[in-house]
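*Asks:* One structure, as C-alpha cells, below. Some questions next.
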Amino acid sequence: MGHETFRKHGHAIVDWIADYMENIEQYPVLAQVEPGEIRSRLPQKPPETAEAMDMILDDFKEIVIPGITHWQHPSFFAYFPANTSEPSILAEFLTAALGAQCMVWQTSPAATELEEVVMDWLRQMLGLPADFTGVIQDTASTSTLCALLCAREKATDFDVNKRGFLEGTRRQLVVYASEEAHSSVEKAVKIAGLGKDNLRLIPAGPDFAMLPHALETEIAADRRKGQIPCCVVATVGTTSATAIDPLKPIGEICGRYDLWLHVDGAMAGTAAILPEMRSLLDGIELADSFVFNPHKWMFANFDCSAYFCKDPKVLTSTFEILPEYLKTGVDRKVKNFRDWGIPLGRRFRALKLWFVIRYFGIKGLQDKVRTHIRLAKEFASWIDRDSRFELMAPVTINLVCFRYHPSVRTLSEGELERINKRLMEEVNRSGRMFMTHTKLKGKFALRLCIGQTNTTHVHVQKAWERIQAVVTSL
Ligand SMILES: Cc1ncc(COP(=O)(O)O)c(C=O)c1O
C-alpha cells in the first residue's frame, strides 16, 4: 500500500470511527435487515484483481453497516453488554499494527510480562486472594473449558491426558452446576469428554441461586453410586437473572468432598471492583478457578476473558507441550502462556487492558459501574411502582427482569408470553433501543441490562417511556 497511502486511509478511518462514536445514536440499535439481505448485496465470487481502498470503504459503509447491531449504542440493553471505550479501541489499533503472536515469552517478552502485571492489577482490583494467578483467555466459554479440563485431570491424577478415557471411566466423572448456569458449562462438559449425562443441574431457589443442600445431596448420592464427583461450577451473576450462587457454602461442600470449584462471573465479576459489591465474591478464596470478562463490562474490546487459578501447576500440567521448535533458552526462567490455555497462538490482549485501566483509573471504572448499577435500581423502582408491570427476579446488580402483567385482566402464562414477546418486538423494531428475553422458572421475562459504556439516566428514562408507549398500543 505504501506508507503515505496507509496514512491517508488510516486518518480517514479514524475520522469515520470518531464520527461513528459521536453519532451512534442516529443508528438503529438492532440491525433492521432481513435474513440474507446483506449476503444478496455481496458478490458471490472473490475479486480477480485489486480493488481501490476507497471502494472497499464505501462498501463497508453501504453494505456492512446496515447489517450491524450497534452494541456500543447507549440504548443497547440486550443480553449482557460487550462494551468498549476509546483507550481500548486505540490499543487494538496498536495490537493490530504490531501483529505479534504472543505464544511464548520470546515471541514478545513485553506481551507476557504486561499480561502478568495487568492480571495482577485485576486481581487486586477485584479483591481476589493473593494466591490467585491470572491469564487472559479469549472467552468465558474457553476459561470454563480450561477449568473443567483441569478438574478432570486433577481428579484422575492426569491419567486421561495420558491414556485417554478408559472403559467406564468417562461415566464416573460428574460435574455440578445450577439449573441457571450458562450453556457454556454444558458445552465444556461435552468437549471435555465428560458426557452431558454426567452434568447435574442443581435446583435453584426462588432467587434463582443454587441451593447448596441440594448440591450436597446430589454429590453424596453420586458417591454412593460409585461415581466420581469432580467439579462444581458456581455462577456469580447468572445470565438470565444475575443470581449469585452462594460461594461459601458451595466452597465448603467442595472442600469436604474434594471437588474442584470453578466460579463463573463472566459479566458480574466486574462489580467486585466496587468495595460495596465485594460481598458478591464472599467465599472466592475456596475456589480453584475464577473467570470474568473485561470484554463484557470493563470497557475492553471483545475478546478479553480474565481467568484466575489457585494452582497454575495444574493448568500447565494439563496443557503443557514442548516440541523442539518451540524451545527457547529461557523456558525455565519465564512464563510461556502457550501452556496456560488451549490455543498455541495468542493475541496481545493485555495491551488494551493496560490502556483501559490506566486511562480511567480504578476510580473512573468504579464510577461507570456504580452508575450502571444505580440506573438498574432506578429502572426497577419504576417497574415496581407501576401496577401494569411486575419484577420477575431480584435486581442484584445491573439487570432488571420484568414483564407487563396488568392486574385488571386475568391472563394465562401463554397469553402473557405472547403479549410480552410483542412488546419486545415492537420496542426493538423501533431501532431506538434493544432488549432481550429469557424464561425464569418457565415464565417469559424481559431483560433490561444496563452496562454500555455511555448509557446515562436519559437513555434509561427514554427506554421506560418507550416501553410504556408500546404497552398502551398492545
Ligand atoms: C454467566 C455467563 N457465563 C459464560 C458466558 C459466555 O461468555 P463468552 O461469550 O465469553 O464465552 C456468558 C455469556 O453471556 C455468561 O452470561
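Scheme for the C-alpha cells: letters A, B, ... for chains in order shown; per-chain residue numbers from 1; ligand numbers from 1 in order shown.
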What residues have any atom no more than 7 Å from ligand 1 when counting only C-alpha atoms and all ligand atoms, and can you list them as a list of chain:residue names?

*Replies:*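 Going residue by residue within 7 Å of ligand 1, we get A:Tyr79, A:Phe80, A:Thr139, A:Ala140, A:Ser141, A:Thr142, A:Ala181, A:His182, A:Ser184, A:Thr235, A:Gly237, A:Thr238, A:Thr239, A:Asp264, A:Gly265, A:Ala266, A:Met267, A:Asn293, A:Ser305.
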
*Asks:* Generate a file of the selected residues that holds N, CA and C atoms, formatted as a compact mmCIF listing (two decimals), in the first residue's frame.

*Replies:*
```txt
# COMPACT_ATOMS: atom_id res chain seq x y z
N TYR A 79 -29.04 -8.88 26.07
CA TYR A 79 -28.06 -9.91 26.52
C TYR A 79 -27.29 -9.41 27.74
N PHE A 80 -25.95 -9.62 27.71
CA PHE A 80 -25.06 -8.90 28.60
C PHE A 80 -24.25 -7.99 27.68
N THR A 139 -12.49 -16.18 25.74
CA THR A 139 -13.87 -16.02 26.22
C THR A 139 -14.07 -16.78 27.53
N ALA A 140 -15.20 -16.51 28.17
CA ALA A 140 -15.53 -17.25 29.40
C ALA A 140 -15.78 -18.72 29.07
N SER A 141 -16.30 -18.99 27.87
CA SER A 141 -16.54 -20.39 27.49
C SER A 141 -15.22 -21.16 27.50
N THR A 142 -14.19 -20.56 26.92
CA THR A 142 -12.87 -21.21 26.91
C THR A 142 -12.33 -21.34 28.33
N ALA A 181 -27.14 -22.13 35.34
CA ALA A 181 -25.78 -21.89 34.83
C ALA A 181 -25.80 -21.67 33.32
N HIS A 182 -24.77 -21.01 32.83
CA HIS A 182 -24.70 -20.68 31.40
C HIS A 182 -24.48 -21.94 30.56
N SER A 184 -22.47 -22.51 28.38
CA SER A 184 -21.06 -22.84 28.14
C SER A 184 -20.58 -23.97 29.06
N THR A 235 -22.01 -19.89 39.75
CA THR A 235 -22.13 -18.68 38.93
C THR A 235 -22.36 -17.45 39.80
N GLY A 237 -23.71 -14.11 39.10
CA GLY A 237 -24.37 -13.32 38.05
C GLY A 237 -24.83 -14.21 36.92
N THR A 238 -25.89 -14.99 37.15
CA THR A 238 -26.37 -15.89 36.09
C THR A 238 -26.90 -15.07 34.91
N THR A 239 -26.90 -15.70 33.76
CA THR A 239 -27.25 -14.98 32.54
C THR A 239 -28.70 -14.52 32.53
N ASP A 264 -17.90 -18.88 37.74
CA ASP A 264 -18.16 -18.15 36.51
C ASP A 264 -18.80 -16.81 36.84
N GLY A 265 -18.00 -15.76 36.74
CA GLY A 265 -18.52 -14.40 37.00
C GLY A 265 -18.43 -13.59 35.72
N ALA A 266 -18.78 -14.21 34.60
CA ALA A 266 -18.50 -13.65 33.27
C ALA A 266 -18.80 -12.15 33.17
N MET A 267 -20.03 -11.77 33.51
CA MET A 267 -20.34 -10.34 33.43
C MET A 267 -20.22 -9.69 34.80
N ASN A 293 -15.15 -11.48 32.48
CA ASN A 293 -14.79 -10.94 31.17
C ASN A 293 -14.68 -9.42 31.18
N SER A 305 -10.93 -12.30 28.27
CA SER A 305 -11.52 -13.02 29.39
C SER A 305 -10.42 -13.27 30.44
```

*Asks:* Using only C-alpha atoms, determine which residues lie at most 10 Å from Cys449 of chain A, disregarding the query and same-chain residues fewer than 5 positions distant; provide the list as JSON, numbers by chain.

*Replies:* {"A": [75, 76, 77, 78, 79, 80, 81, 241, 242, 372, 373, 375, 376, 397, 398, 399, 400, 401, 434, 435, 436]}

*Asks:* Need to verify the contact set: segment 340-342 of chain A, 10 Å, only C-alpha atoms, exclusion of same-chain residues closer than 4 positions in sequence. Can you return it as a list in words?

*Replies:*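 Near neighbours after the sequence-gap exclusion: Met103, Gly134, Val135, Ile136, Gln137, Asp138, Thr142, Ser143, Leu145, Cys146, Ala147, Tyr307, Pro312, Lys313, Val314, Leu315, Thr316, Ser317, Thr318, Phe319, Glu320, Lys335, Asn336 and Arg346 of chain A.
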
*Asks:* Tell me, counting only C-alpha atoms, for each residue of segment 279-354 of chain A within 12 Å of segment 91-97 of chain A, which pair of atoms is nearest and how far apart they are in Å to one decimal, in rows ordered by chain and increasing number, as CSV.

*Replies:*
```
residue,atom,partner,partner_atom,distance
A:Phe299,CA,A:Ala91,CA,12.0
A:Ala300,CA,A:Glu92,CA,9.4
A:Asn301,CA,A:Glu92,CA,7.8
A:Phe302,CA,A:Glu92,CA,10.0
A:Asp303,CA,A:Glu92,CA,10.6
A:Cys304,CA,A:Glu92,CA,11.5
A:Arg346,CA,A:Thr95,CA,11.5
A:Arg347,CA,A:Thr95,CA,7.9
A:Phe348,CA,A:Thr95,CA,6.2
A:Arg349,CA,A:Thr95,CA,7.7
A:Ala350,CA,A:Ala91,CA,9.4
A:Leu351,CA,A:Ala91,CA,6.1
A:Lys352,CA,A:Ala91,CA,4.9
A:Leu353,CA,A:Ala91,CA,8.5
A:Trp354,CA,A:Ala91,CA,8.7
```

*Asks:* The selected residues should be written to file as a compact mmCIF listing (two decimals), in the first residue's frame (atoms: all heavy atoms).

*Replies:*
```txt
# COMPACT_ATOMS: atom_id res chain seq x y z
N PHE A 299 -15.10 -2.31 29.64
CA PHE A 299 -14.70 -1.32 28.65
C PHE A 299 -13.49 -1.74 27.81
O PHE A 299 -12.83 -0.91 27.21
CB PHE A 299 -14.48 0.06 29.34
CG PHE A 299 -15.52 0.30 30.41
CD1 PHE A 299 -15.20 0.22 31.77
CD2 PHE A 299 -16.84 0.51 30.06
CE1 PHE A 299 -16.18 0.38 32.74
CE2 PHE A 299 -17.82 0.67 31.02
CZ PHE A 299 -17.49 0.60 32.37
N ALA A 300 -13.23 -3.04 27.79
CA ALA A 300 -12.14 -3.58 26.96
C ALA A 300 -12.78 -4.33 25.80
O ALA A 300 -13.68 -5.14 26.00
CB ALA A 300 -11.28 -4.52 27.78
N ASN A 301 -12.29 -4.06 24.60
CA ASN A 301 -12.90 -4.71 23.42
C ASN A 301 -12.93 -6.22 23.54
O ASN A 301 -12.00 -6.83 24.08
CB ASN A 301 -12.08 -4.39 22.18
CG ASN A 301 -12.46 -3.07 21.59
OD1 ASN A 301 -12.15 -2.03 22.18
ND2 ASN A 301 -13.14 -3.10 20.47
N PHE A 302 -13.99 -6.81 22.98
CA PHE A 302 -14.02 -8.25 22.77
C PHE A 302 -12.81 -8.61 21.90
O PHE A 302 -12.54 -7.93 20.91
CB PHE A 302 -15.32 -8.62 22.03
CG PHE A 302 -15.55 -10.09 21.94
CD1 PHE A 302 -16.18 -10.76 22.95
CD2 PHE A 302 -15.09 -10.80 20.85
CE1 PHE A 302 -16.38 -12.13 22.89
CE2 PHE A 302 -15.28 -12.16 20.77
CZ PHE A 302 -15.92 -12.83 21.80
N ASP A 303 -11.96 -9.63 22.20
CA ASP A 303 -12.18 -10.57 23.25
C ASP A 303 -11.14 -10.43 24.34
O ASP A 303 -9.98 -10.15 24.07
CB ASP A 303 -12.18 -12.01 22.69
CG ASP A 303 -10.94 -12.27 21.83
OD1 ASP A 303 -10.12 -11.37 21.68
OD2 ASP A 303 -10.78 -13.40 21.33
N CYS A 304 -11.59 -10.63 25.58
CA CYS A 304 -10.67 -10.48 26.71
C CYS A 304 -11.33 -11.11 27.95
O CYS A 304 -12.21 -10.50 28.56
CB CYS A 304 -10.38 -9.01 26.94
SG CYS A 304 -9.15 -8.74 28.22
N ARG A 346 -1.42 -16.66 20.42
CA ARG A 346 -2.17 -15.77 21.30
C ARG A 346 -2.06 -14.33 20.82
O ARG A 346 -0.98 -13.89 20.45
CB ARG A 346 -1.62 -15.84 22.73
CG ARG A 346 -1.44 -17.23 23.27
CD ARG A 346 -0.92 -17.23 24.69
NE ARG A 346 -1.95 -16.94 25.66
CZ ARG A 346 -1.96 -15.87 26.44
NH1 ARG A 346 -1.00 -14.98 26.36
NH2 ARG A 346 -2.94 -15.69 27.31
N ARG A 347 -3.18 -13.61 20.87
CA ARG A 347 -3.16 -12.19 20.58
C ARG A 347 -2.58 -11.42 21.76
O ARG A 347 -2.61 -11.90 22.89
CB ARG A 347 -4.60 -11.70 20.35
CG ARG A 347 -5.09 -11.83 18.94
CD ARG A 347 -6.59 -11.75 18.78
NE ARG A 347 -7.34 -10.83 19.64
CZ ARG A 347 -7.34 -9.48 19.51
NH1 ARG A 347 -6.62 -8.89 18.59
NH2 ARG A 347 -8.07 -8.74 20.31
N PHE A 348 -2.12 -10.21 21.50
CA PHE A 348 -1.58 -9.36 22.57
C PHE A 348 -2.76 -8.61 23.20
O PHE A 348 -3.01 -7.45 22.92
CB PHE A 348 -0.57 -8.39 21.93
CG PHE A 348 0.17 -7.51 22.89
CD1 PHE A 348 0.07 -7.65 24.27
CD2 PHE A 348 1.00 -6.50 22.40
CE1 PHE A 348 0.77 -6.83 25.14
CE2 PHE A 348 1.70 -5.67 23.26
CZ PHE A 348 1.58 -5.82 24.63
N ARG A 349 -3.49 -9.33 24.08
CA ARG A 349 -4.71 -8.74 24.63
C ARG A 349 -4.46 -7.86 25.86
O ARG A 349 -5.31 -7.07 26.25
CB ARG A 349 -5.71 -9.84 25.03
CG ARG A 349 -6.18 -10.71 23.87
CD ARG A 349 -7.34 -11.56 24.35
NE ARG A 349 -7.71 -12.53 23.35
CZ ARG A 349 -7.21 -13.76 23.29
NH1 ARG A 349 -6.31 -14.17 24.17
NH2 ARG A 349 -7.60 -14.59 22.35
N ALA A 350 -3.28 -8.06 26.47
CA ALA A 350 -3.02 -7.31 27.70
C ALA A 350 -2.93 -5.81 27.44
O ALA A 350 -3.22 -5.00 28.32
CB ALA A 350 -1.72 -7.80 28.34
N LEU A 351 -2.57 -5.45 26.20
CA LEU A 351 -2.33 -4.03 25.91
C LEU A 351 -3.60 -3.19 26.15
O LEU A 351 -3.56 -2.13 26.75
CB LEU A 351 -1.85 -3.88 24.46
CG LEU A 351 -1.26 -2.52 24.14
CD1 LEU A 351 0.05 -2.28 24.89
CD2 LEU A 351 -1.02 -2.36 22.63
N LYS A 352 -4.75 -3.72 25.66
CA LYS A 352 -5.98 -2.91 25.81
C LYS A 352 -6.38 -2.79 27.29
O LYS A 352 -6.87 -1.76 27.72
CB LYS A 352 -7.12 -3.46 24.95
CG LYS A 352 -7.51 -4.87 25.23
CD LYS A 352 -8.46 -5.41 24.17
CE LYS A 352 -8.56 -6.91 24.22
NZ LYS A 352 -9.19 -7.48 23.06
N LEU A 353 -6.13 -3.85 28.05
CA LEU A 353 -6.44 -3.77 29.48
C LEU A 353 -5.57 -2.71 30.16
O LEU A 353 -6.03 -1.94 30.99
CB LEU A 353 -6.18 -5.14 30.15
CG LEU A 353 -7.35 -6.11 30.21
CD1 LEU A 353 -6.89 -7.40 30.87
CD2 LEU A 353 -8.51 -5.51 31.01
N TRP A 354 -4.31 -2.71 29.78
CA TRP A 354 -3.36 -1.74 30.34
C TRP A 354 -3.81 -0.32 30.02
O TRP A 354 -3.83 0.55 30.88
CB TRP A 354 -1.98 -2.04 29.74
CG TRP A 354 -0.81 -1.39 30.39
CD1 TRP A 354 -0.47 -1.40 31.72
CD2 TRP A 354 0.21 -0.64 29.72
NE1 TRP A 354 0.71 -0.72 31.91
CE2 TRP A 354 1.15 -0.25 30.69
CE3 TRP A 354 0.44 -0.29 28.39
CZ2 TRP A 354 2.30 0.49 30.39
CZ3 TRP A 354 1.60 0.44 28.08
CH2 TRP A 354 2.50 0.82 29.07
```

*Asks:* Which residues of segment 120-162 of chain A come within 10 Å of segment 252-261 of chain A, and what is each one's closest atom pair and distance in Å (one decimal), counting only C-alpha atoms, sorted by chain and residue number, as a Markdown table?

*Replies:*
```
| residue | atom | partner | partner_atom | distance |
| --- | --- | --- | --- | --- |
| A:Ala147 | CA | A:Trp260 | CA | 8.5 |
| A:Leu148 | CA | A:Trp260 | CA | 8.5 |
| A:Cys150 | CA | A:Trp260 | CA | 8.5 |
| A:Ala151 | CA | A:Trp260 | CA | 5.6 |
| A:Arg152 | CA | A:Trp260 | CA | 8.9 |
| A:Lys154 | CA | A:Trp260 | CA | 8.4 |
| A:Ala155 | CA | A:Leu259 | CA | 8.1 |
```

*Asks:* Just N, CA and C atoms for this one: save the residues we selected as a CSV table (one decimal), in the first residue's frame.

*Replies:*
```
chain,number,residue,atom,x,y,z
A,147,ALA,N,-11.1,-24.8,33.0
A,147,ALA,CA,-11.3,-25.2,34.4
A,147,ALA,C,-11.7,-26.7,34.4
A,148,LEU,N,-12.6,-27.1,33.5
A,148,LEU,CA,-13.1,-28.5,33.5
A,148,LEU,C,-12.1,-29.5,33.2
A,150,CYS,N,-8.9,-29.0,33.7
A,150,CYS,CA,-8.0,-29.1,34.9
A,150,CYS,C,-8.7,-30.0,36.0
A,151,ALA,N,-10.0,-29.8,36.2
A,151,ALA,CA,-10.7,-30.6,37.2
A,151,ALA,C,-10.6,-32.1,36.9
A,152,ARG,N,-10.8,-32.4,35.6
A,152,ARG,CA,-10.8,-33.8,35.1
A,152,ARG,C,-9.4,-34.4,35.3
A,154,LYS,N,-7.1,-33.3,37.4
A,154,LYS,CA,-6.7,-33.4,38.9
A,154,LYS,C,-7.4,-34.7,39.5
A,155,ALA,N,-8.7,-34.9,39.1
A,155,ALA,CA,-9.5,-36.0,39.6
A,155,ALA,C,-8.9,-37.3,39.2
```

*Asks:* Got a sec: who's within 9 Å of Glu218 of chain A, counting only C-alpha atoms, leaving out chain neighbours fewer than 5 positions off, as an NGL selection string?

*Replies:* :A and (176 or 200 or 202 or 213 or 223)

*Asks:* Would you export the selected residues with N, CA, C and O atoms as a compact mmCIF listing (two decimals), in the first residue's frame, please?

*Replies:*
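This went into selection05.txt:
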```
# COMPACT_ATOMS: atom_id res chain seq x y z
N TYR A 176 -21.18 -30.53 38.44
CA TYR A 176 -22.40 -29.95 39.02
C TYR A 176 -22.45 -28.44 38.72
O TYR A 176 -21.44 -27.75 38.84
N ARG A 200 -24.86 -32.58 36.35
CA ARG A 200 -26.06 -32.50 37.21
C ARG A 200 -26.46 -31.04 37.35
O ARG A 200 -25.65 -30.22 37.79
N ILE A 202 -28.30 -28.54 39.37
CA ILE A 202 -28.79 -28.45 40.75
C ILE A 202 -29.90 -27.39 40.82
O ILE A 202 -29.75 -26.30 40.25
N HIS A 213 -27.71 -27.20 49.75
CA HIS A 213 -28.07 -28.50 50.33
C HIS A 213 -28.45 -29.49 49.23
O HIS A 213 -28.17 -30.69 49.32
N ARG A 223 -21.73 -40.33 44.86
CA ARG A 223 -20.64 -41.09 45.52
C ARG A 223 -21.10 -42.49 45.88
O ARG A 223 -20.38 -43.47 45.68
```

*Asks:* Check segment 213-296 of chain A with DSSP on the backbone and list each residue it calls strand (DSSP E or B), as a PyMOL selection string.

*Replies:* chain A and resi 228-236+244+260-264+289-292

*Asks:* Any idea what's packed within 12 Å of Gly67 of chain A, counting only C-alpha atoms, ignoring anything in its chain fewer than 4 positions away? Could you give it as a compact mmCIF listing (two decimals) with N, CA, C and O atoms, in the first residue's frame?

*Replies:*
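Written file, part.txt:
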```
# COMPACT_ATOMS: atom_id res chain seq x y z
N TYR A 27 -28.07 5.67 14.65
CA TYR A 27 -28.22 4.34 14.05
C TYR A 27 -29.28 3.55 14.80
O TYR A 27 -29.43 3.72 16.02
N PRO A 28 -30.01 2.65 14.11
CA PRO A 28 -30.92 1.77 14.86
C PRO A 28 -30.09 0.79 15.68
O PRO A 28 -29.09 0.27 15.17
N VAL A 29 -30.46 0.58 16.93
CA VAL A 29 -29.63 -0.29 17.78
C VAL A 29 -29.57 -1.70 17.19
O VAL A 29 -28.50 -2.25 16.98
N LEU A 30 -30.76 -2.25 16.91
CA LEU A 30 -30.82 -3.60 16.33
C LEU A 30 -30.85 -3.48 14.81
O LEU A 30 -31.65 -2.71 14.26
N ALA A 31 -29.98 -4.22 14.14
CA ALA A 31 -29.92 -4.16 12.67
C ALA A 31 -31.31 -4.40 12.09
O ALA A 31 -31.97 -5.38 12.45
N GLN A 32 -31.74 -3.52 11.20
CA GLN A 32 -33.10 -3.60 10.64
C GLN A 32 -33.05 -4.26 9.26
O GLN A 32 -33.44 -3.64 8.27
N VAL A 33 -32.52 -5.46 9.19
CA VAL A 33 -32.44 -6.16 7.89
C VAL A 33 -33.06 -7.54 8.02
O VAL A 33 -33.20 -8.08 9.12
N GLU A 34 -33.40 -8.10 6.86
CA GLU A 34 -33.97 -9.45 6.81
C GLU A 34 -32.84 -10.46 6.60
O GLU A 34 -31.81 -10.11 6.02
N PRO A 35 -33.06 -11.72 7.01
CA PRO A 35 -32.03 -12.73 6.76
C PRO A 35 -31.70 -12.81 5.26
O PRO A 35 -32.61 -12.79 4.42
N GLY A 36 -30.42 -12.85 4.93
CA GLY A 36 -29.98 -12.97 3.53
C GLY A 36 -29.81 -11.65 2.82
O GLY A 36 -29.23 -11.59 1.73
N GLU A 37 -30.32 -10.55 3.42
CA GLU A 37 -30.30 -9.25 2.75
C GLU A 37 -28.86 -8.76 2.48
O GLU A 37 -28.56 -8.27 1.40
N ILE A 38 -28.01 -8.92 3.47
CA ILE A 38 -26.62 -8.44 3.31
C ILE A 38 -25.91 -9.32 2.28
O ILE A 38 -25.22 -8.83 1.37
N ARG A 39 -26.10 -10.64 2.43
CA ARG A 39 -25.42 -11.57 1.51
C ARG A 39 -25.79 -11.27 0.07
O ARG A 39 -24.96 -11.31 -0.83
N SER A 40 -27.07 -10.92 -0.15
CA SER A 40 -27.53 -10.68 -1.53
C SER A 40 -26.85 -9.46 -2.13
O SER A 40 -26.84 -9.28 -3.34
N ARG A 41 -26.28 -8.61 -1.31
CA ARG A 41 -25.62 -7.40 -1.83
C ARG A 41 -24.12 -7.61 -2.02
O ARG A 41 -23.40 -6.70 -2.40
N ASP A 59 -18.15 0.44 0.40
CA ASP A 59 -19.00 -0.75 0.57
C ASP A 59 -19.18 -1.10 2.05
O ASP A 59 -20.23 -1.58 2.46
N PHE A 60 -18.12 -0.86 2.82
CA PHE A 60 -18.24 -1.08 4.27
C PHE A 60 -19.40 -0.23 4.81
O PHE A 60 -20.26 -0.71 5.55
N LYS A 61 -19.44 1.03 4.39
CA LYS A 61 -20.49 1.93 4.89
C LYS A 61 -21.87 1.55 4.33
O LYS A 61 -22.86 1.56 5.05
N GLU A 62 -21.87 1.22 3.03
CA GLU A 62 -23.17 0.98 2.36
C GLU A 62 -23.75 -0.40 2.63
O GLU A 62 -24.95 -0.57 2.71
N ILE A 63 -22.88 -1.41 2.70
CA ILE A 63 -23.38 -2.79 2.78
C ILE A 63 -23.25 -3.36 4.20
O ILE A 63 -24.19 -3.97 4.71
```

*Asks:* Write out as a PyMOL selection string which residues come within 7 Å of segment 462-464 of chain A when counting only C-alpha atoms, dropping same-chain ones fewer than 4 positions away.

*Replies:* chain A and resi 433+458+468

*Asks:* Taking only C-alpha atoms into account, which of A:Lys225, A:Lys443, A:Lys310, A:Arg422 comes nearest Ile467 of chain A?

*Replies:*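 So, comparing all the options, the nearest one is A:Arg422.
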
*Asks:* Select, from A:Val395, A:Asp159, A:Asp339, A:Phe444, the residue with the minimum atom-to-atom distance to Gly414 of chain A, counting only C-alpha atoms.

*Replies:*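 That would be A:Phe444, the residue with the smallest distance to Gly414 of chain A.
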
*Asks:* Mind pulling up the distance from atom CA of Thr453 of chain A to atom CA of Trp297 of chain A?

*Replies:*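 Taking atom CA of Trp297 of chain A as the start and atom CA of Thr453 of chain A as the end point, the length is 8.1 Å.
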
*Asks:* Any idea what's packed within 12 Å of Glu276 of chain A, counting only C-alpha atoms, ignoring anything in its chain fewer than 2 positions away? Could you give it as a VMD selection string?

*Replies:* chain A and resid 126 to 127 271 to 274 278 to 281 366 369 to 370 373 397

*Asks:* Suppose we keep N, CA and C atoms; can you now write the selection as an mmCIF file, in the first residue's frame?

*Replies:*
```
data_model
loop_
_atom_site.group_PDB
_atom_site.id
_atom_site.type_symbol
_atom_site.label_atom_id
_atom_site.label_comp_id
_atom_site.auth_asym_id
_atom_site.auth_seq_id
_atom_site.Cartn_x
_atom_site.Cartn_y
_atom_site.Cartn_z
ATOM 1 N N LEU A 126 -10.273 -6.563 42.115
ATOM 2 C CA LEU A 126 -11.473 -7.336 42.483
ATOM 3 C C LEU A 126 -11.387 -7.893 43.904
ATOM 4 N N GLY A 127 -10.240 -7.671 44.556
ATOM 5 C CA GLY A 127 -10.055 -8.214 45.907
ATOM 6 C C GLY A 127 -9.947 -9.720 45.911
ATOM 7 N N ALA A 271 -18.359 -6.153 38.908
ATOM 8 C CA ALA A 271 -18.950 -5.376 40.013
ATOM 9 C C ALA A 271 -18.072 -5.417 41.264
ATOM 10 N N ALA A 272 -17.227 -6.447 41.368
ATOM 11 C CA ALA A 272 -16.391 -6.574 42.566
ATOM 12 C C ALA A 272 -15.308 -5.492 42.644
ATOM 13 N N ILE A 273 -15.164 -4.670 41.592
ATOM 14 C CA ILE A 273 -14.224 -3.541 41.737
ATOM 15 C C ILE A 273 -14.802 -2.480 42.674
ATOM 16 N N LEU A 274 -16.098 -2.618 42.996
ATOM 17 C CA LEU A 274 -16.714 -1.686 43.946
ATOM 18 C C LEU A 274 -16.650 -2.286 45.352
ATOM 19 N N ARG A 278 -18.242 -6.103 46.880
ATOM 20 C CA ARG A 278 -17.271 -7.188 47.068
ATOM 21 C C ARG A 278 -17.888 -8.457 47.624
ATOM 22 N N SER A 279 -18.974 -8.269 48.402
ATOM 23 C CA SER A 279 -19.570 -9.438 49.049
ATOM 24 C C SER A 279 -20.089 -10.453 48.021
ATOM 25 N N LEU A 280 -20.246 -10.015 46.773
ATOM 26 C CA LEU A 280 -20.628 -10.959 45.702
ATOM 27 C C LEU A 280 -19.669 -12.142 45.665
ATOM 28 N N LEU A 281 -18.417 -11.842 45.989
ATOM 29 C CA LEU A 281 -17.383 -12.871 45.881
ATOM 30 C C LEU A 281 -17.003 -13.465 47.239
ATOM 31 N N GLN A 366 -14.801 2.506 38.516
ATOM 32 C CA GLN A 366 -15.821 2.338 39.571
ATOM 33 C C GLN A 366 -17.008 3.263 39.333
ATOM 34 N N VAL A 369 -19.300 1.770 36.581
ATOM 35 C CA VAL A 369 -20.008 0.557 37.012
ATOM 36 C C VAL A 369 -21.066 0.906 38.068
ATOM 37 N N ARG A 370 -20.678 1.801 38.959
ATOM 38 C CA ARG A 370 -21.622 2.219 40.016
ATOM 39 C C ARG A 370 -22.843 2.905 39.398
ATOM 40 N N ILE A 373 -25.238 0.342 37.952
ATOM 41 C CA ILE A 373 -25.981 -0.372 38.998
ATOM 42 C C ILE A 373 -27.095 0.532 39.557
ATOM 43 N N ILE A 397 -27.689 -6.692 40.537
ATOM 44 C CA ILE A 397 -26.576 -5.874 40.036
ATOM 45 C C ILE A 397 -27.109 -4.867 38.992
#
```

*Asks:* To test your reading of the structure, identify every residue in segment 23-135 of chain A that backbone DSSP assigns to alpha helix (DSSP H), and report it as JSON, numbers by chain.

*Replies:* {"A": [37, 38, 39, 40, 53, 54, 55, 56, 57, 58, 59, 86, 87, 88, 89, 90, 91, 92, 93, 94, 95, 96, 97, 98, 109, 110, 111, 112, 113, 114, 115, 116, 117, 118, 119, 120, 121, 122, 123, 124, 125, 126]}

*Asks:* Find, counting only C-alpha atoms, the residue in A:Val236, A:Ser108, A:Ala243, A:Ile450 that gets nearest to Gly283 of chain A.

*Replies:*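 Answer, going by the shortest atom-to-atom distance: A:Val236.
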